[in-house]
file run.csv (CSV, C-alpha atoms)
chain,number,residue,atom,x,y,z
X,1,MET,CA,17.0,10.0,-18.5
X,2,THR,CA,19.2,11.9,-16.0
X,3,GLN,CA,22.4,10.7,-14.5
X,4,ILE,CA,20.8,10.1,-11.1
X,5,ASP,CA,18.0,8.1,-12.7
X,6,THR,CA,20.6,6.0,-14.5
X,7,LEU,CA,22.3,5.3,-11.1
X,8,VAL,CA,19.0,4.3,-9.4
X,9,SER,CA,18.0,2.0,-12.2
X,10,GLY,CA,21.2,0.1,-11.8
X,11,SER,CA,24.5,0.0,-13.6
X,12,ALA,CA,24.1,-3.3,-15.5
X,13,LEU,CA,21.4,-5.2,-17.3
X,14,THR,CA,20.7,-8.7,-16.1
X,15,SER,CA,20.0,-11.4,-18.5
X,16,HIS,CA,16.9,-13.6,-18.0
X,17,ARG,CA,16.9,-17.2,-19.1
X,18,GLU,CA,13.6,-18.7,-19.8
X,19,VAL,CA,12.7,-21.7,-17.7
X,20,PRO,CA,11.3,-24.5,-19.8
X,21,PRO,CA,7.8,-25.5,-18.7
X,22,ALA,CA,7.3,-28.7,-16.7
X,23,PRO,CA,6.1,-31.6,-18.8
X,24,LYS,CA,2.4,-32.3,-18.6
X,25,GLY,CA,1.5,-34.8,-16.0
X,26,ARG,CA,4.6,-34.3,-13.8
X,27,TRP,CA,2.5,-32.8,-11.0
X,28,LEU,CA,0.4,-36.0,-11.0
X,29,GLY,CA,3.5,-38.1,-10.6
X,30,ALA,CA,4.6,-35.9,-7.7
X,31,TYR,CA,1.4,-36.7,-5.7
X,32,PHE,CA,0.8,-40.3,-6.9
X,33,GLY,CA,4.1,-41.4,-8.4
X,34,THR,CA,5.0,-43.9,-5.6
X,35,PRO,CA,2.9,-45.8,-3.1
X,36,GLY,CA,4.1,-43.6,-0.2
X,37,ASN,CA,3.3,-40.4,-2.1
X,38,ALA,CA,-0.1,-41.8,-3.0
X,39,LEU,CA,-0.9,-42.7,0.6
X,40,ILE,CA,0.1,-39.3,1.9
X,41,THR,CA,-2.0,-37.6,-0.8
X,42,VAL,CA,-5.0,-39.7,0.0
X,43,LEU,CA,-4.7,-39.1,3.7
X,44,CYS,CA,-4.3,-35.3,3.2
X,45,LEU,CA,-7.3,-35.1,0.9
X,46,GLY,CA,-9.4,-37.1,3.3
X,47,THR,CA,-8.5,-34.9,6.2
X,48,ILE,CA,-9.2,-31.7,4.2
X,49,PHE,CA,-12.5,-33.1,3.1
X,50,ALA,CA,-13.5,-34.1,6.6
X,51,LEU,CA,-12.5,-30.7,8.1
X,52,THR,CA,-14.3,-28.8,5.3
X,53,LYS,CA,-17.5,-30.8,5.8
X,54,LEU,CA,-17.4,-30.1,9.6
X,55,ALA,CA,-16.8,-26.4,9.0
X,56,ILE,CA,-19.5,-26.0,6.4
X,57,GLY,CA,-22.0,-27.9,8.7
X,58,TRP,CA,-21.1,-25.7,11.7
X,59,LEU,CA,-20.9,-22.4,9.8
X,60,PHE,CA,-24.0,-22.8,7.5
X,61,ILE,CA,-26.0,-26.0,7.5
X,62,ASP,CA,-26.6,-26.3,11.3
X,63,ALA,CA,-26.2,-22.6,12.1
X,64,THR,CA,-28.8,-20.3,13.4
X,65,PHE,CA,-29.0,-17.0,11.5
X,66,SER,CA,-31.8,-15.3,13.5
X,67,GLY,CA,-33.4,-15.7,16.8
X,68,THR,CA,-32.8,-15.5,20.5
X,69,PRO,CA,-30.0,-17.0,22.7
X,70,ALA,CA,-32.5,-19.8,23.7
X,71,GLU,CA,-33.0,-20.7,20.0
X,72,CYS,CA,-29.2,-20.8,19.5
X,73,LYS,CA,-28.7,-23.0,22.5
X,74,ALA,CA,-31.1,-25.6,20.9
X,75,THR,CA,-28.9,-26.0,17.8
X,76,SER,CA,-25.4,-27.4,17.4
X,77,GLY,CA,-24.2,-25.0,14.7
X,78,ALA,CA,-23.0,-21.4,14.9
X,79,CYS,CA,-25.0,-18.7,16.6
X,80,TRP,CA,-24.9,-15.8,14.2
X,81,PRO,CA,-27.5,-13.7,16.0
X,82,PHE,CA,-24.8,-13.0,18.5
X,83,LEU,CA,-22.9,-10.9,16.0
X,84,SER,CA,-25.9,-8.9,15.0
X,85,ALA,CA,-26.7,-8.2,18.6
X,86,LYS,CA,-23.2,-7.2,19.6
X,87,MET,CA,-21.9,-5.8,16.3
X,88,ARG,CA,-21.9,-2.1,17.4
X,89,TYR,CA,-20.2,-2.9,20.6
X,90,ILE,CA,-17.6,-5.1,18.8
X,91,PHE,CA,-16.8,-2.3,16.4
X,92,PHE,CA,-16.9,0.7,18.7
X,93,GLY,CA,-16.6,-0.5,22.3
X,94,PHE,CA,-17.8,1.8,25.0
X,95,TYR,CA,-18.1,4.8,22.7
X,96,PRO,CA,-21.5,6.5,23.5
X,97,PHE,CA,-24.2,4.7,21.6
X,98,GLU,CA,-25.9,7.8,20.1
X,99,GLU,CA,-22.5,9.2,19.0
X,100,GLN,CA,-21.2,6.0,17.2
X,101,TRP,CA,-21.7,7.6,13.8
X,102,ARG,CA,-18.6,9.6,14.5
X,103,PRO,CA,-16.1,6.6,14.8
X,104,LEU,CA,-17.9,5.1,11.8
X,105,ALA,CA,-17.4,8.3,9.8
X,106,ALA,CA,-13.8,8.4,11.0
X,107,MET,CA,-13.1,4.8,10.0
X,108,LEU,CA,-14.6,5.3,6.5
X,109,LEU,CA,-12.6,8.5,6.0
X,110,PHE,CA,-9.5,6.8,7.1
X,111,LEU,CA,-10.0,3.8,4.8
X,112,GLY,CA,-10.9,6.0,1.9
X,113,ALA,CA,-7.8,8.2,2.4
X,114,CYS,CA,-5.7,5.0,2.6
X,115,LEU,CA,-7.2,3.8,-0.7
X,116,VAL,CA,-6.4,7.1,-2.4
X,117,SER,CA,-2.9,7.1,-1.0
X,118,MET,CA,-2.2,3.7,-2.4
X,119,VAL,CA,-2.4,5.1,-6.0
X,120,PRO,CA,1.2,5.9,-7.1
X,121,LYS,CA,0.0,8.9,-9.2
X,122,VAL,CA,-1.0,10.8,-6.1
X,123,TRP,CA,2.2,10.3,-4.2
X,124,GLY,CA,4.0,13.5,-3.4
X,125,ARG,CA,4.2,16.5,-1.1
X,126,THR,CA,0.5,17.4,-1.6
X,127,LEU,CA,-0.6,14.1,-0.3
X,128,PHE,CA,1.7,14.4,2.8
X,129,ILE,CA,0.3,17.9,3.5
X,130,ALA,CA,-3.3,16.6,3.1
X,131,TRP,CA,-2.7,13.9,5.7
X,132,ILE,CA,-1.0,16.1,8.2
X,133,ALA,CA,-3.2,19.2,7.8
X,134,ILE,CA,-6.6,17.8,6.9
X,135,ILE,CA,-7.1,14.0,7.4
X,136,LEU,CA,-5.5,13.4,10.8
X,137,PRO,CA,-7.0,16.5,12.4
X,138,THR,CA,-10.4,15.6,11.0
X,139,LEU,CA,-10.1,12.1,12.4
X,140,TYR,CA,-9.2,13.4,15.8
X,141,LEU,CA,-12.0,15.9,15.7
X,142,LEU,CA,-14.5,13.3,14.9
X,143,MET,CA,-13.3,10.9,17.6
X,144,ALA,CA,-12.6,13.4,20.4
X,145,GLY,CA,-15.2,16.1,19.8
X,146,GLY,CA,-15.3,19.4,21.6
X,147,PHE,CA,-15.7,21.5,18.4
X,148,PHE,CA,-18.7,22.4,16.2
X,149,GLY,CA,-21.2,21.2,18.7
X,150,LEU,CA,-19.7,17.6,19.0
X,151,THR,CA,-19.8,16.1,22.5
X,152,VAL,CA,-16.5,15.5,24.1
X,153,VAL,CA,-15.6,11.8,24.3
X,154,PRO,CA,-12.5,10.9,26.3
X,155,THR,CA,-10.0,8.5,24.9
X,156,ALA,CA,-10.8,6.0,27.7
X,157,GLN,CA,-14.1,5.4,25.8
X,158,TRP,CA,-12.5,4.8,22.5
X,159,GLY,CA,-12.3,1.2,21.4
X,160,GLY,CA,-13.0,-1.5,18.8
X,161,LEU,CA,-11.8,-1.4,15.2
X,162,PRO,CA,-11.1,2.4,15.0
X,163,LEU,CA,-8.7,2.2,17.9
X,164,SER,CA,-6.9,-0.8,16.3
X,165,PHE,CA,-6.6,1.1,13.1
X,166,MET,CA,-5.3,4.2,14.9
X,167,LEU,CA,-2.7,2.3,16.9
X,168,SER,CA,-1.4,0.2,14.1
X,169,PHE,CA,-1.5,2.2,10.9
X,170,ILE,CA,-0.9,5.7,12.3
X,171,GLY,CA,1.8,4.3,14.6
X,172,LEU,CA,3.6,2.6,11.7
X,173,ALA,CA,3.3,5.7,9.5
X,174,PHE,CA,5.2,7.7,12.1
X,175,ALA,CA,7.6,4.8,12.8
X,176,LEU,CA,8.7,4.4,9.2
X,177,PRO,CA,10.6,7.8,8.9
X,178,LEU,CA,12.0,7.3,12.4
X,179,GLY,CA,13.2,3.8,11.5
X,180,ILE,CA,14.8,5.1,8.3
X,181,ALA,CA,16.6,7.8,10.4
X,182,LEU,CA,17.8,5.1,12.9
X,183,ALA,CA,19.0,2.9,10.0
X,184,LEU,CA,21.0,5.8,8.6
X,185,ALA,CA,22.4,6.6,12.1
X,186,ARG,CA,23.5,3.0,12.6
X,187,ALA,CA,25.2,3.0,9.2
X,188,SER,CA,26.8,6.4,9.9
X,189,SER,CA,30.6,6.9,9.9
X,190,LEU,CA,30.3,9.3,12.9
X,191,PRO,CA,30.9,7.3,16.1
X,192,ALA,CA,28.6,9.3,18.4
X,193,ILE,CA,25.6,9.1,16.0
X,194,ARG,CA,26.3,5.4,15.3
X,195,ILE,CA,26.5,4.5,19.0
X,196,LEU,CA,23.3,6.3,19.8
X,197,GLY,CA,21.5,4.5,16.9
X,198,VAL,CA,22.9,1.1,17.9
X,199,SER,CA,22.0,1.6,21.5
X,200,PHE,CA,18.4,2.6,20.9
X,201,ILE,CA,17.8,-0.2,18.4
X,202,GLU,CA,19.4,-3.0,20.6
X,203,ILE,CA,17.7,-1.8,23.8
X,204,VAL,CA,14.3,-1.6,22.3
X,205,ARG,CA,14.6,-4.9,20.4
X,206,GLY,CA,15.9,-6.6,23.5
X,207,VAL,CA,12.6,-6.2,25.4
X,208,PRO,CA,9.1,-7.3,24.5
X,209,LEU,CA,6.4,-4.9,23.4
X,210,ILE,CA,4.5,-5.6,26.6
X,211,SER,CA,7.3,-4.2,28.7
X,212,ILE,CA,7.5,-1.0,26.7
X,213,LEU,CA,3.7,-0.6,27.0
X,214,PHE,CA,3.9,-1.0,30.7
X,215,MET,CA,6.8,1.4,31.0
X,216,ALA,CA,4.9,4.0,28.9
X,217,THR,CA,1.7,3.5,30.8
X,218,VAL,CA,2.8,2.9,34.4
X,219,MET,CA,6.3,4.2,34.8
X,220,LEU,CA,6.3,7.3,32.6
X,221,PRO,CA,3.7,9.2,34.9
X,222,LEU,CA,6.1,8.7,37.8
X,223,PHE,CA,8.7,10.9,36.1
X,224,MET,CA,6.3,13.6,35.1
X,225,PRO,CA,6.0,16.8,37.2
X,226,ASP,CA,3.1,17.1,39.6
X,227,GLY,CA,-0.2,18.1,37.9
X,228,ILE,CA,1.0,17.1,34.4
X,229,THR,CA,-0.4,13.9,32.9
X,230,VAL,CA,-0.2,12.4,29.4
X,231,ASP,CA,-3.2,10.7,27.9
X,232,LYS,CA,-3.0,6.8,28.1
X,233,LEU,CA,-3.8,6.4,24.4
X,234,ALA,CA,-1.0,8.8,23.5
X,235,ARG,CA,1.5,6.9,25.7
X,236,ALA,CA,0.5,3.6,24.1
X,237,GLN,CA,0.8,5.2,20.6
X,238,VAL,CA,4.3,6.5,21.3
X,239,ALA,CA,5.4,3.1,22.7
X,240,ILE,CA,4.2,1.4,19.5
X,241,ILE,CA,6.0,4.0,17.3
X,242,LEU,CA,9.3,3.6,19.2
X,243,PHE,CA,9.1,-0.2,19.2
X,244,ALA,CA,8.2,-0.5,15.5
X,245,ALA,CA,10.9,2.0,14.5
X,246,ALA,CA,13.6,-0.2,16.0
X,247,TYR,CA,12.5,-3.2,13.8
X,248,ILE,CA,12.0,-1.0,10.8
X,249,ALA,CA,15.6,0.3,11.2
X,250,GLU,CA,17.1,-3.1,10.9
X,251,ILE,CA,15.1,-4.0,7.9
X,252,VAL,CA,16.1,-0.7,6.2
X,253,ARG,CA,19.7,-1.2,7.2
X,254,GLY,CA,19.6,-4.5,5.3
X,255,GLY,CA,18.4,-2.7,2.2
X,256,LEU,CA,21.1,-0.1,2.6
X,257,GLN,CA,23.8,-2.8,2.7
X,258,ALA,CA,22.3,-4.3,-0.5
X,259,VAL,CA,23.0,-1.1,-2.5
X,260,PRO,CA,26.5,-1.3,-4.2
X,261,LYS,CA,29.1,1.1,-2.8
X,262,GLY,CA,29.7,2.2,-6.4
X,263,GLN,CA,26.3,4.0,-6.3
X,264,VAL,CA,27.5,6.2,-3.5
X,265,GLU,CA,30.8,6.8,-5.2
X,266,ALA,CA,29.0,7.8,-8.4
X,267,GLY,CA,26.9,10.2,-6.4
X,268,HIS,CA,30.0,11.8,-5.0
X,269,SER,CA,31.5,12.1,-8.6
X,270,LEU,CA,28.4,14.1,-9.5
X,271,GLY,CA,29.1,16.6,-6.8
X,272,LEU,CA,26.2,15.5,-4.6
X,273,HIS,CA,26.4,15.8,-0.8
X,274,TYR,CA,25.5,13.1,1.7
X,275,TRP,CA,21.7,13.8,2.0
X,276,GLN,CA,21.3,14.2,-1.7
X,277,ILE,CA,22.9,10.8,-2.3
X,278,MET,CA,20.8,9.2,0.4
X,279,ARG,CA,17.5,10.8,-0.8
X,280,LYS,CA,18.0,10.5,-4.5
X,281,ILE,CA,20.1,7.4,-5.0
X,282,VAL,CA,20.5,5.1,-2.1
X,283,LEU,CA,17.2,5.1,-0.2
X,284,PRO,CA,15.0,4.6,-3.3
X,285,GLN,CA,17.0,1.5,-4.1
X,286,ALA,CA,17.1,0.3,-0.5
X,287,LEU,CA,13.4,0.7,0.2
X,288,LYS,CA,12.5,-1.0,-3.0
X,289,LYS,CA,14.5,-4.1,-2.0
X,290,VAL,CA,12.9,-4.3,1.5
X,291,ILE,CA,9.2,-4.0,0.5
X,292,PRO,CA,8.3,-7.7,1.4
X,293,PRO,CA,9.8,-7.7,4.9
X,294,LEU,CA,8.4,-4.2,5.7
X,295,VAL,CA,4.9,-5.3,4.8
X,296,SER,CA,5.3,-8.5,6.8
X,297,LEU,CA,6.3,-6.3,9.8
X,298,PHE,CA,3.3,-4.1,9.2
X,299,ILE,CA,1.0,-7.1,9.2
X,300,GLY,CA,2.5,-8.4,12.4
X,301,PHE,CA,2.2,-5.0,14.2
X,302,PHE,CA,-1.4,-4.7,13.0
X,303,GLN,CA,-2.2,-7.9,14.8
X,304,ASP,CA,0.0,-7.2,17.8
X,305,THR,CA,-2.0,-4.1,18.7
X,306,THR,CA,-4.2,-6.5,20.7
X,307,LEU,CA,-1.5,-6.3,23.4
X,308,VAL,CA,-2.8,-2.8,24.4
X,309,THR,CA,-5.5,-4.5,26.3
X,310,ILE,CA,-3.0,-5.0,29.2
X,311,VAL,CA,-2.8,-1.2,29.7
X,312,GLY,CA,-6.6,-0.7,29.8
X,313,LEU,CA,-7.3,0.0,26.1
X,314,LEU,CA,-10.2,-1.8,24.5
X,315,ASP,CA,-9.0,-2.8,21.0
X,316,PHE,CA,-11.0,-4.8,18.5
X,317,LEU,CA,-10.1,-8.3,19.7
X,318,ASP,CA,-10.8,-7.3,23.3
X,319,THR,CA,-14.3,-6.0,22.4
X,320,VAL,CA,-14.9,-9.4,20.9
X,321,ARG,CA,-13.8,-11.2,24.0
X,322,THR,CA,-15.9,-9.0,26.4
X,323,ALA,CA,-18.9,-9.3,24.2
X,324,MET,CA,-18.7,-13.1,24.4
X,325,ARG,CA,-18.5,-12.8,28.2
X,326,ASP,CA,-22.0,-11.3,28.3
X,327,PRO,CA,-24.1,-13.5,30.6
X,328,GLU,CA,-26.9,-13.6,28.1
X,329,TRP,CA,-24.7,-15.2,25.5
X,330,GLN,CA,-22.0,-16.9,27.6
X,331,GLY,CA,-21.7,-20.6,26.8
X,332,ILE,CA,-23.8,-20.1,23.7
X,333,ALA,CA,-21.5,-18.0,21.4
X,334,VAL,CA,-18.2,-19.8,22.0
X,335,LEU,CA,-16.3,-19.4,18.7
X,336,GLU,CA,-18.5,-17.0,16.6
X,337,GLY,CA,-16.7,-13.9,17.8
X,338,TYR,CA,-13.3,-15.3,17.2
X,339,VAL,CA,-14.2,-16.5,13.7
X,340,PHE,CA,-15.5,-13.0,12.9
X,341,ALA,CA,-12.3,-11.4,14.3
X,342,ALA,CA,-10.2,-13.8,12.3
X,343,VAL,CA,-12.0,-12.9,9.1
X,344,VAL,CA,-11.5,-9.2,9.8
X,345,TYR,CA,-7.8,-9.6,10.5
X,346,PHE,CA,-7.3,-11.9,7.5
X,347,VAL,CA,-9.0,-9.5,5.1
X,348,PHE,CA,-6.9,-6.5,6.1
X,349,SER,CA,-3.7,-8.6,6.2
X,350,ALA,CA,-4.5,-10.1,2.8
X,351,LEU,CA,-5.1,-6.6,1.4
X,352,MET,CA,-1.7,-5.4,2.7
X,353,GLY,CA,0.0,-8.5,1.2
X,354,ALA,CA,-1.7,-7.9,-2.1
X,355,TYR,CA,-0.6,-4.2,-2.1
X,356,SER,CA,2.9,-5.4,-1.3
X,357,ARG,CA,2.9,-7.5,-4.4
X,358,PHE,CA,1.5,-4.6,-6.4
X,359,LEU,CA,4.3,-2.3,-5.2
X,360,GLU,CA,7.0,-4.9,-6.1
X,361,GLN,CA,5.6,-5.2,-9.6
X,362,TYR,CA,5.2,-1.4,-9.9
X,363,PHE,CA,8.8,-0.7,-9.0
X,364,ARG,CA,10.0,-3.5,-11.1
X,365,THR,CA,8.3,-2.3,-14.2
X,366,THR,CA,8.8,1.5,-13.8
X,367,HIS,CA,12.1,1.8,-12.0
X,368,ASP,CA,14.3,-1.1,-13.4
call {"tool": "encode", "arguments": {"input": "run.csv", "output": "structure tokens"}}
result
Amino acid sequence: MTQIDTLVSGSALTSHREVPPAPKGRWLGAYFGTPGNALITVLCLGTIFALTKLAIGWLFIDATFSGTPAECKATSGACWPFLSAKMRYIFFGFYPFEEQWRPLAAMLLFLGACLVSMVPKVWGRTLFIAWIAIILPTLYLLMAGGFFGLTVVPTAQWGGLPLSFMLSFIGLAFALPLGIALALARASSLPAIRILGVSFIEIVRGVPLISILFMATVMLPLFMPDGITVDKLARAQVAIILFAAAYIAEIVRGGLQAVPKGQVEAGHSLGLHYWQIMRKIVLPQALKKVIPPLVSLFIGFFQDTTLVTIVGLLDFLDTVRTAMRDPEWQGIAVLEGYVFAAVVYFVFSALMGAYSRFLEQYFRTTHD
């Protein structure tokens, strides 16, 4: 083990005292030990049972799984034919119907690349180059077209789940290094750099995301020279990157403060300069400590991309809402679309939470 690895792994071993297991039956006493506890437990169990019964009845027992809007209207349960009839619109929005294989291929490529990138063994410079030089250009080529005989599809017609993935995951991927740079700037000993970092972070965090989206979409074109325009999707993407970077910077700054100063002093004693100390000693420890809040922020921004609908972009949740306003299904499919959207958001949020726990365990077992 090198001297730097010794610094990163920590300077002292912590002792762990085993916690004796709780006596058997104690949990039963916690719920029924007193008359008050027993009453609360019974009321909660009864409420859960009643709500579960209603949900199962609406979702499955009384639901209609095939048929027309008229048949759905005659039942009191969920109308699942609505989803089968509107699924392609919900996923892809106004993207040309005959070209919807392209956003589907782009989404599968993106998810597959994300799954591969989640494996620690493939982390490194090669993976970064693959994303920059191959994966991202291929995704844009599939969505935009204009090459290899693919029809050009303007970004105004992009929508649904691929757009939500692009705005959230790609935005956060670019916001993370910017946020780390802002955190280092705010912690810098150089006054000019520190003031710039603090000013950017506080200004961006002091306004809501809606304001930044409006500024990027409505006000930015006013400052552009005549004849020069910036794509609306690109403006929204940049706004999300800048907004997320400010919050990431504060989380990373908390991790930097948690690293003992002795680690930096030890780096200086080894003859390392500032950037070597940050890259090899401080940042690995700081980022490991802030994995849970970073993932929580990522989950929140994945869900907050629904705000782009105010600037004319049709994200996944907005395609659900517009599908439910179809006169053919209006008043019949009332909750089905929202239930489906909630399941999709929950699945991806739960996967990100599970991966966060995996990263915590991985760094705990391999880097402690």
call {"tool": "residues_around", "arguments": {"input": "run.csv", "residues": "segment 303-305 of chain X", "least_positions_apart": "6", "cutoff": "7 Å", "atoms": "all atoms listed in the file", "output": "ChimeraX atom specification"}}
result
/X:164,167-168
call {"tool": "atom_distance", "arguments": {"input": "run.csv", "atom1": "atom CA of Phe148 of chain X", "atom2": "atom CA of Pro103 of chain X"}}
result
16.1 Å
call {"tool": "closest_residue", "arguments": {"input": "run.csv", "among": "X:Leu178, X:Ala342, X:Ala130, X:Ala234", "to": "Leu317 of chain X", "atoms": "all atoms listed in the file"}}
result
X:Ala342
call {"tool": "residues_around", "arguments": {"input": "run.csv", "residues": "Phe65 of chain X", "least_positions_apart": "6", "cutoff": "10 Å", "atoms": "only C-alpha atoms", "output": "list of chain:residue names"}}
result
X:Leu59, X:Cys72, X:Gly77, X:Ala78, X:Cys79, X:Trp80, X:Pro81, X:Phe82, X:Leu83, X:Ser84
call {"tool": "closest_residue", "arguments": {"input": "run.csv", "among": "X:Phe169, X:Phe301, X:Phe32, X:Tyr89", "to": "Gly337 of chain X", "atoms": "all atoms listed in the file"}}
result
X:Tyr89
call {"tool": "residues_near_point", "arguments": {"input": "run.csv", "point": "(18.4, 0.4, 21.0)", "cutoff": "12 Å", "atoms": "only C-alpha atoms", "output": "list in words"}}
result
Gly179, Leu182, Ala183, Ala185, Arg186, Arg194, Ile195, Leu196, Gly197, Val198, Ser199, Phe200, Ile201, Glu202, Ile203, Val204, Arg205, Gly206, Val207, Leu242, Phe243, Ala244, Ala245, Ala246, Tyr247, Ala249 and Glu250 of chain X
call {"tool": "closest_residue", "arguments": {"input": "run.csv", "among": "X:Leu163, X:Met87, X:Val153, X:Ile212", "to": "Arg235 of chain X", "atoms": "all atoms listed in the file"}}
result
X:Ile212
call {"tool": "residues_near_point", "arguments": {"input": "run.csv", "point": "(9.1, -10.9, 10.8)", "cutoff": "12 Å", "atoms": "only C-alpha atoms", "output": "ChimeraX atom specification"}}
result
/X:244,247-248,250-251,292-301
call {"tool": "atom_distance", "arguments": {"input": "run.csv", "atom1": "atom CA of Phe94 of chain X", "atom2": "atom CA of Gln157 of chain X"}}
result
5.2 Å
call {"tool": "atom_distance", "arguments": {"input": "run.csv", "atom1": "atom CA of Gly267 of chain X", "atom2": "atom CA of Gln285 of chain X"}}
result
13.4 Å
call {"tool": "closest_residue", "arguments": {"input": "run.csv", "among": "X:Ala258, X:Val264, X:Met107, X:Ile90", "to": "Met166 of chain X", "atoms": "only C-alpha atoms"}}
result
X:Met107
call {"tool": "closest_residue", "arguments": {"input": "run.csv", "among": "X:Pro154, X:Pro137, X:Gly124, X:Gly112", "to": "Pro96 of chain X", "atoms": "only C-alpha atoms"}}
result
X:Pro154
call {"tool": "closest_residue", "arguments": {"input": "run.csv", "among": "X:Trp58, X:Ala181, X:Thr75, X:Phe147", "to": "Trp275 of chain X", "atoms": "all atoms listed in the file"}}
result
X:Ala181
call {"tool": "residues_around", "arguments": {"input": "run.csv", "residues": "segment 41-56 of chain X", "least_positions_apart": "3", "cutoff": "12 Å", "atoms": "all atoms listed in the file", "output": "PDB file with C-alpha atoms, in the coordinates of the input"}}
result
ATOM      1  CA  LEU X  28       0.400 -36.000 -11.000  1.00  0.00           C
ATOM      2  CA  GLY X  29       3.500 -38.100 -10.600  1.00  0.00           C
ATOM      3  CA  ALA X  30       4.600 -35.900  -7.700  1.00  0.00           C
ATOM      4  CA  TYR X  31       1.400 -36.700  -5.700  1.00  0.00           C
ATOM      5  CA  PHE X  32       0.800 -40.300  -6.900  1.00  0.00           C
ATOM      6  CA  GLY X  33       4.100 -41.400  -8.400  1.00  0.00           C
ATOM      7  CA  THR X  34       5.000 -43.900  -5.600  1.00  0.00           C
ATOM      8  CA  PRO X  35       2.900 -45.800  -3.100  1.00  0.00           C
ATOM      9  CA  GLY X  36       4.100 -43.600  -0.200  1.00  0.00           C
ATOM     10  CA  ASN X  37       3.300 -40.400  -2.100  1.00  0.00           C
ATOM     11  CA  ALA X  38      -0.100 -41.800  -3.000  1.00  0.00           C
ATOM     12  CA  LEU X  59     -20.900 -22.400   9.800  1.00  0.00           C
ATOM     13  CA  PHE X  60     -24.000 -22.800   7.500  1.00  0.00           C
ATOM     14  CA  ILE X  61     -26.000 -26.000   7.500  1.00  0.00           C
ATOM     15  CA  ASP X  62     -26.600 -26.300  11.300  1.00  0.00           C
ATOM     16  CA  ALA X  63     -26.200 -22.600  12.100  1.00  0.00           C
ATOM     17  CA  SER X  76     -25.400 -27.400  17.400  1.00  0.00           C
ATOM     18  CA  GLY X  77     -24.200 -25.000  14.700  1.00  0.00           C
ATOM     19  CA  ALA X  78     -23.000 -21.400  14.900  1.00  0.00           C
ATOM     20  CA  LEU X 335     -16.300 -19.400  18.700  1.00  0.00           C
ATOM     21  CA  VAL X 339     -14.200 -16.500  13.700  1.00  0.00           C
TER      22      VAL X 339
END
call {"tool": "residues_around", "arguments": {"input": "run.csv", "residues": "Leu314 of chain X", "least_positions_apart": "6", "cutoff": "10 Å", "atoms": "only C-alpha atoms", "output": "short mmCIF file (atom, residue, chain, number, x, y, z; two decimals) with C-alpha atoms, in the coordinates of the input"}}
result
data_model
loop_
_atom_site.label_atom_id
_atom_site.label_comp_id
_atom_site.auth_asym_id
_atom_site.auth_seq_id
_atom_site.Cartn_x
_atom_site.Cartn_y
_atom_site.Cartn_z
CA ILE X 90 -17.60 -5.10 18.80
CA PHE X 92 -16.90 0.70 18.70
CA GLY X 93 -16.60 -0.50 22.30
CA PHE X 94 -17.80 1.80 25.00
CA ALA X 156 -10.80 6.00 27.70
CA GLN X 157 -14.10 5.40 25.80
CA TRP X 158 -12.50 4.80 22.50
CA GLY X 159 -12.30 1.20 21.40
CA GLY X 160 -13.00 -1.50 18.80
CA LEU X 161 -11.80 -1.40 15.20
CA LEU X 163 -8.70 2.20 17.90
CA SER X 164 -6.90 -0.80 16.30
CA THR X 306 -4.20 -6.50 20.70
CA LEU X 307 -1.50 -6.30 23.40
CA VAL X 308 -2.80 -2.80 24.40
CA VAL X 320 -14.90 -9.40 20.90
CA THR X 322 -15.90 -9.00 26.40
#
call {"tool": "residues_around", "arguments": {"input": "run.csv", "residues": "Ala74 of chain X", "least_positions_apart": "3", "cutoff": "10 Å", "atoms": "only C-alpha atoms", "output": "ChimeraX atom specification"}}
result
/X:64,69-71,77,332
call {"tool": "decode", "arguments": {"input": "run.csv", "residues": "segment 225-233 of chain X", "atoms": "N, CA and C atoms", "output": "PDB file, in the first residue's frame"}}
result
ATOM      1  N   PRO X 225     -27.192  38.316 -30.393  1.00  0.00           N
ATOM      2  CA  PRO X 225     -27.161  39.151 -31.612  1.00  0.00           C
ATOM      3  C   PRO X 225     -28.268  38.755 -32.574  1.00  0.00           C
ATOM      4  N   ASP X 226     -28.661  39.664 -33.436  1.00  0.00           N
ATOM      5  CA  ASP X 226     -29.709  39.393 -34.413  1.00  0.00           C
ATOM      6  C   ASP X 226     -29.298  38.231 -35.321  1.00  0.00           C
ATOM      7  N   GLY X 227     -30.266  37.341 -35.526  1.00  0.00           N
ATOM      8  CA  GLY X 227     -30.023  36.202 -36.399  1.00  0.00           C
ATOM      9  C   GLY X 227     -29.415  35.001 -35.716  1.00  0.00           C
ATOM     10  N   ILE X 228     -29.051  35.125 -34.444  1.00  0.00           N
ATOM     11  CA  ILE X 228     -28.454  34.001 -33.704  1.00  0.00           C
ATOM     12  C   ILE X 228     -29.446  33.537 -32.642  1.00  0.00           C
ATOM     13  N   THR X 229     -29.783  32.278 -32.693  1.00  0.00           N
ATOM     14  CA  THR X 229     -30.709  31.695 -31.719  1.00  0.00           C
ATOM     15  C   THR X 229     -30.082  30.448 -31.110  1.00  0.00           C
ATOM     16  N   VAL X 230     -30.502  30.132 -29.912  1.00  0.00           N
ATOM     17  CA  VAL X 230     -30.060  28.927 -29.219  1.00  0.00           C
ATOM     18  C   VAL X 230     -31.271  28.031 -29.025  1.00  0.00           C
ATOM     19  N   ASP X 231     -31.097  26.747 -29.324  1.00  0.00           N
ATOM     20  CA  ASP X 231     -32.200  25.808 -29.228  1.00  0.00           C
ATOM     21  C   ASP X 231     -32.820  25.842 -27.829  1.00  0.00           C
ATOM     22  N   LYS X 232     -34.151  25.751 -27.771  1.00  0.00           N
ATOM     23  CA  LYS X 232     -34.857  25.824 -26.489  1.00  0.00           C
ATOM     24  C   LYS X 232     -34.456  24.683 -25.569  1.00  0.00           C
ATOM     25  N   LEU X 233     -34.286  23.485 -26.122  1.00  0.00           N
ATOM     26  CA  LEU X 233     -33.889  22.346 -25.303  1.00  0.00           C
ATOM     27  C   LEU X 233     -32.494  22.565 -24.717  1.00  0.00           C
TER      28      LEU X 233
END
